[in-house]
Every structure is written in C-alpha cells, then in structure tokens.
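**Q** Quick one: the structure is below, and I'll ask about it shortly.
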Amino acid sequence: MEIDSPRVEDGAAIWRIARDSQVLDLNSSYSYLLWCRDFATTSVVARDRPGGDPIAFVTGYVRPERPETLVVWQVAVDNAHRGRGLAGTLLDALTLKVAASHGITTVETTITPDNVPSDRLFTSYAERRGASVSREVLFDAGVFPADPGESHLPEVLYRIAPVAA
C-alpha cells in the first residue's frame with residue numbers, strides 16, 4: 001500500500017468511492033477534481049500499489065481564519081478494503097503531513113449523530129494522540145435545504161486538540 005497526495009486524475013476514483021460509501025454527502029464530480037487540484041497538500045489517498053488508483057481517501061483543508069486547524073472534510077474507504085484500519089492510518093498520515101507543513105494543533109470534523117463508525121474513528125484518533133474531543137452542534141438540521149420528504153440530520157462539530165506531530 002502507498003499513501004500519497006491526490007492528483008487531479010484521482011478525482012473520478014475518489015468521487016466513486018464517496019458515492020459507493022452510501023453514507024457521505026456526495027458532492028459533484030467536478031468538486032472532487034478541484035479538491036485534488038487545490039487541496040492536495042491537505043488531503044491523502046491510499047493506493048493498493050504504487051501509482052495505482054485510490055482505494056481510500058481523506059480530504060481536508062486548513063481553516064483560513066484559524067490556520068492552526070485542519071478541517072477533515074470526508075473520509076472514505078473502498079468497500080473491498082474496509083475493516084483493515086485504513087481510515088485511521090490515513091487520518092494519522094494526514095495529520096503528520098499537515099502538522100509538518102502548516103503547524104496544525106487542532107483537527108475539526110463534523111459528524112451526524114447516526115454515524116457511529118465516524119464517531120469511533122475520530123474518538124479513537126483522539127485517544128491515540130492523547131487529545132481531548134469537544135462536541136457541539138455546528139449546523140442544526142433546519143439550515144439544510146431539503147426536498148419534500150427528505151431531511152438532513154444536524155452536523156456535530158468534533159474539535160480534537162492538541163494534535164501536534
């Protein structure tokens with residue numbers, strides 16, 4: 001396995017992994033191409049072999065108004081590679097990468113209350129780092145647009161600190 005920065009040509013594979021997760025909010029395929037171009041230094045992919053297609057990814061960005069904070073946008077692992085701790089490995093690798101280049105001390109992410117796997121991922125990440133986790137509702141369900149008969153659960157902000165390299 002190889003952990004690498006995403007490249008523009010990885011955008012389609014990352015979009016497919018996100019789509020097939022059936023859990024993530026799926027962004028447009030165009031947004032994943034932009035992400036691979038504009039946020040490659042704050043994102044990582046796993047490849048099953050050097051130079052191969054991505055089998056997992058973590059996308060993130062440094063908050064402009066809080067440059068010590070890495071926001072983890074999405075984490076996904078291809079169905080065939082789940083259950084091996086790959087998401088945690090990628091999250092650790094991304095933290096080391098961004099801490100070295102940007103000096104981050106805090107990781108933020110949002111998780112819906114029904115997403116138990118993500119809660120476990122980020123709680124165990126904090127435990128491995130000896131960091132604390134604070135939680136608060138960032139976006140209440142009412143601020144999301146919804147088609148009739150659909151709704152979005154609130155997004156709970158997880159703030160994990162300190163996470164120095």
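Going by the structure tokens order, chains are called A, B, ..., each with residues numbered from 1, while ligands are numbered from 1 in the order shown.
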For Asp92 of chain A, work out the shell of residues within 12 Å, counting only C-alpha atoms and skipping chain neighbours fewer than 4 positions away, then give it as an MDAnalysis selection string.
**A** chainID A and resid 3 43:44 58 72 85:88 96:99 107 121:122 124:129 163:165
**Q** Hey, can you spit out that residue selection with C-alpha atoms as a CSV table (one decimal), in the first residue's frame?
**A**
chain,number,residue,atom,x,y,z
A,3,ILE,CA,-0.1,6.7,1.0
A,43,SER,CA,-5.5,15.6,1.7
A,44,VAL,CA,-4.3,12.0,1.2
A,58,VAL,CA,-9.2,11.7,3.4
A,72,VAL,CA,-11.3,16.9,7.8
A,85,GLY,CA,-7.9,0.2,9.9
A,86,LEU,CA,-7.2,2.1,6.7
A,87,ALA,CA,-9.2,5.2,7.6
A,88,GLY,CA,-7.3,5.6,10.9
A,96,LEU,CA,1.7,14.2,10.3
A,97,LYS,CA,1.8,15.7,6.8
A,98,VAL,CA,-0.2,18.8,7.6
A,99,ALA,CA,1.4,19.4,11.0
A,107,VAL,CA,-8.4,18.8,13.9
A,121,LEU,CA,-12.8,6.7,14.0
A,122,PHE,CA,-12.4,10.2,15.4
A,124,SER,CA,-10.0,6.6,18.7
A,125,TYR,CA,-7.9,9.0,16.7
A,126,ALA,CA,-8.1,11.5,19.7
A,127,GLU,CA,-7.2,8.6,22.1
A,128,ARG,CA,-4.1,7.6,20.1
A,129,ARG,CA,-2.9,11.2,20.3
A,163,VAL,CA,-2.7,17.0,17.8
A,164,ALA,CA,0.9,18.1,17.2
A,165,ALA,CA,3.1,15.9,15.1
**Q** Using DSSP on the backbone, list every residue of segment 5-162 of chain A that comes out as strand (DSSP E or B), and give them as a ChimeraX atom specification.
**A** /A:44-47,54-63,66-77,106-111,132-139,155-161
**Q** Set out as a tab-separated table a contact list for segment 54-89 of chain A and segment 8-25 of chain A with a cut-off of 9 Å, giving each residue of segment 54-89 of chain A that qualifies its closest atom pair and distance in Å to one decimal, counting only C-alpha atoms, ordered by chain and rising residue number.
**A**
residue	atom	partner	partner_atom	distance
A:Pro54	CA	A:Ala13	CA	6.4
A:Ile55	CA	A:Ile17	CA	7.5
A:Ala56	CA	A:Ile17	CA	7.2
A:Phe57	CA	A:Ile14	CA	6.9
A:Gln74	CA	A:Leu24	CA	7.5
A:Val75	CA	A:Ala18	CA	8.3
A:Ala76	CA	A:Ala18	CA	6.1
A:Val77	CA	A:Ile17	CA	6.7
A:Asp78	CA	A:Ile17	CA	5.5
A:Asn79	CA	A:Ser21	CA	7.3
**Q** Atoms to include: N, CA and C atoms. Write the selected residues as a compact mmCIF listing (two decimals), in the first residue's frame.
**A**
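Written out: result-v2.txt:
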# COMPACT_ATOMS: atom_id res chain seq x y z
N PRO A 54 -6.71 5.21 -6.34
CA PRO A 54 -7.03 5.31 -4.92
C PRO A 54 -8.01 4.23 -4.47
N ILE A 55 -7.78 3.73 -3.26
CA ILE A 55 -8.70 2.78 -2.63
C ILE A 55 -9.32 3.39 -1.37
N ALA A 56 -8.83 4.55 -0.98
CA ALA A 56 -9.35 5.27 0.19
C ALA A 56 -8.83 6.70 0.12
N PHE A 57 -9.53 7.59 0.82
CA PHE A 57 -9.07 8.98 0.84
C PHE A 57 -9.51 9.69 2.10
N GLN A 74 -13.95 14.82 4.30
CA GLN A 74 -14.52 13.49 4.07
C GLN A 74 -13.46 12.41 4.24
N VAL A 75 -13.91 11.26 4.71
CA VAL A 75 -13.08 10.06 4.85
C VAL A 75 -13.88 8.91 4.24
N ALA A 76 -13.26 8.17 3.34
CA ALA A 76 -13.96 7.03 2.76
C ALA A 76 -12.96 5.97 2.33
N VAL A 77 -13.38 4.72 2.46
CA VAL A 77 -12.58 3.56 2.06
C VAL A 77 -13.43 2.72 1.11
N ASP A 78 -12.82 2.30 0.01
CA ASP A 78 -13.50 1.43 -0.94
C ASP A 78 -14.01 0.19 -0.20
N ASN A 79 -15.20 -0.26 -0.60
CA ASN A 79 -15.84 -1.41 0.07
C ASN A 79 -14.92 -2.61 0.21
**Q** One number please: atom CA of Asp53 of chain A to atom CA of Trp73 of chain A, in Å, one decimal.
**A**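 Between atom CA of Asp53 of chain A and atom CA of Trp73 of chain A the gap is 20.4 Å.
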**Q** From a DSSP pass on the backbone, collect the residues of segment 11-118 of chain A flagged as helix (DSSP H, G or I) and hand them back as a PyMOL selection string.
**A** chain A and resi 11-21+29-38+40-42+79-81+86-102+116-118
**Q** Which of these, A:Ser151, A:Ser132, A:Thr89, A:Thr42, has the shortest distance to Ile104 of chain A once you count only C-alpha atoms?
**A**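 For Ile104 of chain A, the nearest of the candidates is A:Thr42.
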**Q** Write out as a list in words which residues come within 10 Å of Val71 of chain A when counting only C-alpha atoms, dropping same-chain ones fewer than 3 positions away.
**A**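 The neighbour list is Thr42, Thr59, Gly60, Tyr61, Val62, Arg63, Glu68, Gln74, Thr106, Val107, Glu108, Thr109, Thr110, Tyr158 and Arg159 of chain A.
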**Q** Measuring atom to atom with only C-alpha atoms, identify which of A:Phe39, A:Asp4, A:Ile111, A:Leu33 is nearest to Arg135 of chain A.
**A** A:Ile111
**Q** What's around Glu155 of chain A at 8 Å? Count only C-alpha atoms, leave out sequence neighbours fewer than 3 positions away in its own chain, and write the answer as a list in words.
**A**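 In the requested form, the answer reads Thr110, Ile111, Thr112, Pro113, Val137, Leu138, Phe139, Asp140 and Ala141 of chain A.
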**Q** Those selected residues, please, written with C-alpha atoms and delivered as a PDB file, in the first residue's frame.
**A**
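After the write, out.pdb holds the following:
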ATOM      1  CA  THR A 110     -18.464  17.200  11.551  1.00  0.00           C
ATOM      2  CA  ILE A 111     -20.390  14.000  12.083  1.00  0.00           C
ATOM      3  CA  THR A 112     -24.114  13.337  12.065  1.00  0.00           C
ATOM      4  CA  PRO A 113     -25.462  11.703  15.250  1.00  0.00           C
ATOM      5  CA  VAL A 137     -23.847  21.224  17.045  1.00  0.00           C
ATOM      6  CA  LEU A 138     -22.351  23.274  14.226  1.00  0.00           C
ATOM      7  CA  PHE A 139     -25.244  23.120  11.764  1.00  0.00           C
ATOM      8  CA  ASP A 140     -28.726  22.363  13.011  1.00  0.00           C
ATOM      9  CA  ALA A 141     -30.915  20.225  10.747  1.00  0.00           C
TER      10      ALA A 141
END
**Q** If you count only C-alpha atoms, which residues fall within 6 Å of Cys36 of chain A, apart from same-chain ones fewer than 4 positions away, as a VMD selection string?
**A** chain A and resid 6 to 8 40
**Q** Mind giving me the straight-line distance from atom CA of His102 of chain A to atom CA of Pro67 of chain A in Å, one decimal?
**A**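 We find that atom CA of His102 of chain A and atom CA of Pro67 of chain A lie 7.6 Å from each other.
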**Q** Counting only C-alpha atoms, which of A:Ile160, A:Leu153, A:Leu70, A:Leu34 gets nearest to Gly103 of chain A?
**A** A:Leu70
**Q** Interatomic distance between atom CA of Met1 of chain A and atom CA of Arg47 of chain A?
**A**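 If I compute the distance from atom CA of Met1 of chain A to atom CA of Arg47 of chain A, I get 5.6 Å.
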